[in-house]
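A.B. asks: Structure provided below as structure tokens; questions to follow.
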Amino acid sequence: MNLPDFNNNNPNDQWVRYCELLWHNNDLNIWLDISRMKVNSSDIDQFKTKFNTAFKAIKNLEAGSLANPDESRQVGHYWLRNSDIAPTDSISKNIESEIIAINNFGKQISNGNIMAPNGNKYTDVLWIGIGGSALGPLLIREALQEFNKGLSIHFLDNVDPRGIKDILLELKQNIKNTLVVTVSKSGGTPEPKIGMEQVRSFLESEGGIWNEQSVAIT
């Protein structure tokens, strides 16, 4: 790449750098301009090895390599977004069928085909998770949920006793109409387990039925 080194005082160099370094992806509709960063040709040459290593690692992940050696696990986040790249047909079909099932379940909760144990329509969802298990759904709610439409979604994302108490008191009036969703990748992470146990104890003390009002995602 014939790229002038960064020079904040030379408009001609700035224009050449802009033309060379501006990147656009039509599918994502994303523009990226690093021409005003102190990145020079020598830096880009050094990046090539790192980029090739990163691309190779991504390709191996998508192909089903064991990315979590401690648990001997594959990492399938990529397949969830595009099941066609899963390493086997059985995994692809399983992902597709689960997405359909989850979508149908959510619709039935929203439209009242699946009711709370007391016979009422669900009004609230209490989502228990740590880190991305809570932040992902929170982002979706903030980005997509229209004001005053759908169920009220609450998040329990840490084990602060005061925070747990405040959430449960907020939900007390509607606790029998609340669907509880607990998310844990391993199923054994202490924080969501603690939150789940506290919520279960409260829900049952208020006359709710845990086994009919709870969902586990793992």
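Each chain of the structure tokens is named A, B, ... in the order shown, its residues numbered from 1; ligands are numbered from 1 in display order.
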A:Ile95: which residues within 10 Å, counting only C-alpha atoms, same-chain residues fewer than 6 positions away excluded, as a list in words?
C.D. replies: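 With the cut-off at 10 Å, the set is Gly76, Trp79, Leu80, Arg81, Asn82, Ser83, Asp84, Ala86, Asp89 and Ala101 of chain A.
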A.B. asks: Would you mind exporting N, CA and C atoms of the selected residues as a compact mmCIF listing (two decimals), in the first residue's frame?
C.D. replies:
```
# COMPACT_ATOMS: atom_id res chain seq x y z
N GLY A 76 -20.63 -21.73 19.96
CA GLY A 76 -21.56 -21.68 18.83
C GLY A 76 -22.30 -20.39 18.64
N TRP A 79 -23.06 -19.70 15.04
CA TRP A 79 -24.09 -20.55 14.44
C TRP A 79 -25.49 -20.07 14.80
N LEU A 80 -25.63 -19.48 16.00
CA LEU A 80 -26.95 -18.99 16.40
C LEU A 80 -27.40 -17.84 15.50
N ARG A 81 -26.45 -17.04 15.03
CA ARG A 81 -26.79 -15.93 14.14
C ARG A 81 -26.97 -16.39 12.70
N ASN A 82 -26.29 -17.47 12.35
CA ASN A 82 -26.39 -18.02 10.99
C ASN A 82 -26.18 -19.52 11.07
N SER A 83 -27.25 -20.26 11.17
CA SER A 83 -27.13 -21.70 11.38
C SER A 83 -26.51 -22.42 10.19
N ASP A 84 -26.46 -21.78 9.03
CA ASP A 84 -25.89 -22.41 7.84
C ASP A 84 -24.39 -22.69 7.99
N ALA A 86 -22.93 -23.69 10.79
CA ALA A 86 -22.67 -24.69 11.82
C ALA A 86 -21.93 -25.88 11.19
N ASP A 89 -25.03 -30.74 9.89
CA ASP A 89 -26.44 -30.52 9.57
C ASP A 89 -27.32 -30.67 10.80
N ALA A 101 -39.20 -22.75 18.14
CA ALA A 101 -39.91 -23.09 19.39
C ALA A 101 -39.91 -21.91 20.36
```
A.B. asks: One decimal, Å: what's the distance from atom CA of A:Thr178 over to atom CA of A:Pro137, could you say?
C.D. replies: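 Atom CA of A:Thr178 sits 16.8 Å away from atom CA of A:Pro137.
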A.B. asks: So that I can see what lies close to stretch 43-56 of chain A, please list as a list in words the residues with an atom at most 12 Å from it, counting only C-alpha atoms and leaving out residues fewer than 6 positions away in the same chain.
C.D. replies: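 After dropping sequence-adjacent residues, the list is Met1, Asn2, Leu3, Asp5, Phe6, Leu21, Ile34, Met37, Glu62, Ala63 and Ser65 of chain A.
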A.B. asks: For the residues in that selection, give me N, CA, C and O atoms as an mmCIF file, in the first residue's frame.
C.D. replies:
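Below you can see again03.cif, which holds the result:
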```cif
data_model
loop_
_atom_site.group_PDB
_atom_site.id
_atom_site.type_symbol
_atom_site.label_atom_id
_atom_site.label_comp_id
_atom_site.auth_asym_id
_atom_site.auth_seq_id
_atom_site.Cartn_x
_atom_site.Cartn_y
_atom_site.Cartn_z
ATOM 1 N N MET A 1 0.851 -1.196 0.000
ATOM 2 C CA MET A 1 0.000 0.000 0.000
ATOM 3 C C MET A 1 0.882 1.240 0.000
ATOM 4 O O MET A 1 1.754 1.386 0.863
ATOM 5 N N ASN A 2 0.679 2.114 -0.981
ATOM 6 C CA ASN A 2 1.444 3.357 -1.088
ATOM 7 C C ASN A 2 0.735 4.440 -0.284
ATOM 8 O O ASN A 2 -0.063 5.220 -0.810
ATOM 9 N N LEU A 3 1.046 4.479 0.998
ATOM 10 C CA LEU A 3 0.293 5.333 1.924
ATOM 11 C C LEU A 3 1.210 6.369 2.550
ATOM 12 O O LEU A 3 2.216 6.018 3.176
ATOM 13 N N ASP A 5 2.660 8.761 5.322
ATOM 14 C CA ASP A 5 2.581 8.735 6.774
ATOM 15 C C ASP A 5 1.662 9.843 7.272
ATOM 16 O O ASP A 5 1.449 10.854 6.595
ATOM 17 N N PHE A 6 1.144 9.646 8.465
ATOM 18 C CA PHE A 6 0.214 10.625 9.039
ATOM 19 C C PHE A 6 0.886 11.986 9.140
ATOM 20 O O PHE A 6 1.988 12.113 9.673
ATOM 21 N N LEU A 21 -7.750 4.602 3.003
ATOM 22 C CA LEU A 21 -8.107 3.939 4.258
ATOM 23 C C LEU A 21 -9.609 3.923 4.550
ATOM 24 O O LEU A 21 -10.046 3.266 5.497
ATOM 25 N N ILE A 34 -10.140 5.546 9.158
ATOM 26 C CA ILE A 34 -9.045 5.632 10.133
ATOM 27 C C ILE A 34 -7.912 6.509 9.610
ATOM 28 O O ILE A 34 -6.789 6.478 10.134
ATOM 29 N N MET A 37 -6.088 8.707 12.070
ATOM 30 C CA MET A 37 -5.363 8.035 13.145
ATOM 31 C C MET A 37 -3.898 7.895 12.742
ATOM 32 O O MET A 37 -3.572 7.850 11.556
ATOM 33 N N GLU A 62 -15.860 -21.222 13.850
ATOM 34 C CA GLU A 62 -17.066 -21.504 13.069
ATOM 35 C C GLU A 62 -17.104 -22.964 12.628
ATOM 36 O O GLU A 62 -18.182 -23.543 12.460
ATOM 37 N N ALA A 63 -15.933 -23.562 12.463
ATOM 38 C CA ALA A 63 -15.861 -24.949 12.026
ATOM 39 C C ALA A 63 -16.029 -25.938 13.178
ATOM 40 O O ALA A 63 -16.093 -27.145 12.949
ATOM 41 N N SER A 65 -14.096 -25.848 16.380
ATOM 42 C CA SER A 65 -12.947 -26.138 17.231
ATOM 43 C C SER A 65 -13.316 -25.960 18.703
ATOM 44 O O SER A 65 -14.263 -25.245 19.040
#
```
A.B. asks: Show me, as a compact mmCIF listing (two decimals) with all heavy atoms, in the first residue's frame, the residues that have an atom within 12 Å of A:Glu206 when counting only C-alpha atoms, minus same-chain residues fewer than 4 positions from it.
C.D. replies:
```
# COMPACT_ATOMS: atom_id res chain seq x y z
N LEU A 168 -38.01 -7.22 44.01
CA LEU A 168 -39.09 -8.09 44.45
C LEU A 168 -40.26 -7.29 45.02
O LEU A 168 -41.43 -7.63 44.80
CB LEU A 168 -38.56 -9.09 45.49
CG LEU A 168 -37.55 -10.10 44.94
CD1 LEU A 168 -37.05 -11.03 46.05
CD2 LEU A 168 -38.14 -10.92 43.80
N LEU A 169 -39.95 -6.21 45.74
CA LEU A 169 -41.03 -5.37 46.25
C LEU A 169 -41.78 -4.68 45.11
O LEU A 169 -43.00 -4.50 45.17
CB LEU A 169 -40.46 -4.33 47.22
CG LEU A 169 -39.99 -4.86 48.58
CD1 LEU A 169 -39.41 -3.74 49.43
CD2 LEU A 169 -41.14 -5.55 49.33
N LEU A 171 -42.26 -5.95 42.23
CA LEU A 171 -43.05 -6.96 41.54
C LEU A 171 -44.12 -7.61 42.43
O LEU A 171 -44.92 -8.40 41.94
CB LEU A 171 -42.13 -8.07 41.01
CG LEU A 171 -41.40 -7.78 39.71
CD1 LEU A 171 -40.34 -8.84 39.46
CD2 LEU A 171 -42.38 -7.75 38.54
N LYS A 172 -44.11 -7.28 43.71
CA LYS A 172 -44.96 -8.00 44.66
C LYS A 172 -46.42 -8.06 44.22
O LYS A 172 -47.07 -9.12 44.27
CB LYS A 172 -44.86 -7.37 46.04
CG LYS A 172 -45.64 -8.13 47.11
CD LYS A 172 -45.36 -7.56 48.50
CE LYS A 172 -46.09 -8.38 49.56
NZ LYS A 172 -45.77 -7.89 50.94
N GLN A 173 -46.96 -6.95 43.76
CA GLN A 173 -48.37 -6.90 43.38
C GLN A 173 -48.67 -7.81 42.19
O GLN A 173 -49.77 -8.37 42.08
CB GLN A 173 -48.76 -5.46 43.06
CG GLN A 173 -50.25 -5.29 42.76
CD GLN A 173 -50.62 -3.82 42.56
OE1 GLN A 173 -49.80 -2.93 42.77
NE2 GLN A 173 -51.85 -3.57 42.17
N ASN A 174 -47.70 -7.97 41.30
CA ASN A 174 -47.91 -8.78 40.09
C ASN A 174 -47.13 -10.09 40.09
O ASN A 174 -47.00 -10.72 39.04
CB ASN A 174 -47.50 -7.97 38.85
CG ASN A 174 -48.43 -6.82 38.57
OD1 ASN A 174 -49.61 -6.86 38.89
ND2 ASN A 174 -47.89 -5.77 37.97
N ILE A 175 -46.63 -10.50 41.25
CA ILE A 175 -45.74 -11.65 41.27
C ILE A 175 -46.40 -12.93 40.77
O ILE A 175 -45.75 -13.77 40.15
CB ILE A 175 -45.15 -11.87 42.70
CG1 ILE A 175 -43.95 -12.83 42.65
CG2 ILE A 175 -46.22 -12.36 43.65
CD1 ILE A 175 -42.76 -12.31 41.88
N LYS A 176 -47.70 -13.07 40.96
CA LYS A 176 -48.39 -14.27 40.48
C LYS A 176 -48.60 -14.23 38.96
O LYS A 176 -48.94 -15.25 38.36
CB LYS A 176 -49.74 -14.43 41.18
CG LYS A 176 -49.63 -14.75 42.67
CD LYS A 176 -51.01 -14.94 43.29
CE LYS A 176 -50.92 -15.24 44.77
NZ LYS A 176 -52.26 -15.42 45.38
N ASN A 177 -48.41 -13.04 38.37
CA ASN A 177 -48.53 -12.90 36.91
C ASN A 177 -47.16 -12.69 36.26
O ASN A 177 -47.06 -12.18 35.16
CB ASN A 177 -49.42 -11.70 36.55
CG ASN A 177 -50.75 -11.73 37.25
OD1 ASN A 177 -51.34 -12.79 37.44
ND2 ASN A 177 -51.23 -10.56 37.65
N THR A 178 -46.10 -13.08 36.98
CA THR A 178 -44.74 -12.84 36.51
C THR A 178 -44.08 -14.13 36.06
O THR A 178 -44.09 -15.13 36.77
CB THR A 178 -43.88 -12.20 37.63
OG1 THR A 178 -44.42 -10.92 37.98
CG2 THR A 178 -42.44 -12.02 37.18
N VAL A 199 -35.53 -15.40 44.38
CA VAL A 199 -36.80 -15.12 43.71
C VAL A 199 -37.79 -16.26 43.94
O VAL A 199 -38.98 -16.02 44.19
CB VAL A 199 -36.57 -14.91 42.20
CG1 VAL A 199 -37.89 -14.80 41.46
CG2 VAL A 199 -35.74 -13.64 41.97
N ARG A 200 -37.31 -17.49 43.88
CA ARG A 200 -38.21 -18.63 44.10
C ARG A 200 -38.82 -18.57 45.50
O ARG A 200 -40.03 -18.78 45.66
CB ARG A 200 -37.46 -19.94 43.90
CG ARG A 200 -38.32 -21.16 44.20
CD ARG A 200 -37.63 -22.46 43.86
NE ARG A 200 -38.55 -23.59 44.07
CZ ARG A 200 -38.29 -24.83 43.71
NH1 ARG A 200 -37.13 -25.13 43.14
NH2 ARG A 200 -39.18 -25.80 43.93
N SER A 201 -37.97 -18.29 46.49
CA SER A 201 -38.46 -18.23 47.86
C SER A 201 -39.53 -17.14 47.99
O SER A 201 -40.59 -17.36 48.62
CB SER A 201 -37.30 -17.94 48.82
OG SER A 201 -37.76 -17.78 50.14
N PHE A 202 -39.28 -15.98 47.40
CA PHE A 202 -40.25 -14.88 47.48
C PHE A 202 -41.53 -15.22 46.74
O PHE A 202 -42.64 -15.02 47.26
CB PHE A 202 -39.63 -13.61 46.91
CG PHE A 202 -40.54 -12.42 46.93
CD1 PHE A 202 -40.68 -11.67 48.08
CD2 PHE A 202 -41.26 -12.05 45.81
CE1 PHE A 202 -41.53 -10.57 48.12
CE2 PHE A 202 -42.11 -10.96 45.82
CZ PHE A 202 -42.25 -10.22 46.99
N TRP A 210 -43.76 -21.94 41.43
CA TRP A 210 -42.47 -21.82 40.76
C TRP A 210 -42.37 -22.68 39.51
O TRP A 210 -41.96 -22.22 38.45
CB TRP A 210 -41.35 -22.17 41.73
CG TRP A 210 -39.99 -22.17 41.10
CD1 TRP A 210 -39.24 -23.25 40.72
CD2 TRP A 210 -39.22 -21.01 40.75
NE1 TRP A 210 -38.06 -22.84 40.16
CE2 TRP A 210 -38.02 -21.47 40.17
CE3 TRP A 210 -39.43 -19.63 40.87
CZ2 TRP A 210 -37.03 -20.60 39.73
CZ3 TRP A 210 -38.45 -18.77 40.43
CH2 TRP A 210 -37.26 -19.25 39.86
```
A.B. asks: With only C-alpha atoms as the counted atoms, please give the residues lying no more than 9 Å from stretch 124-135 of chain A, apart from itself and same-chain residues fewer than 3 positions off, as a count of residues only.
C.D. replies: 31
A.B. asks: Just asking: which residues within chain A are helix (DSSP H, G or I) according to DSSP, as a PyMOL selection string?
C.D. replies: chain A and resi 11-21+41-62+77-81+83-85+89-111+132-144+161-177+190-205+210-213
A.B. asks: For a test of reading the model, state the distance in Å between atom CA of A:Ile217 and atom CA of A:Ser92, rounded to one decimal.
C.D. replies: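 Interatomic distance here is 18.9 Å.
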A.B. asks: Write out as a list in words all residues of stretch 142-196 of chain A that backbone DSSP assigns to strand (DSSP E).
C.D. replies: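 Selecting the strand (DSSP E) positions of stretch 142-196 of chain A gives Ser152, Ile153, His154, Phe155, Leu156, Thr178, Leu179, Val180, Val181, Thr182 and Val183 of chain A.
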A.B. asks: Just to confirm, what's the straight-line distance from atom CA of A:Pro190 to atom CA of A:Thr218 in Å (one decimal)?
C.D. replies: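 We find that atom CA of A:Pro190 and atom CA of A:Thr218 lie 13.6 Å from each other.
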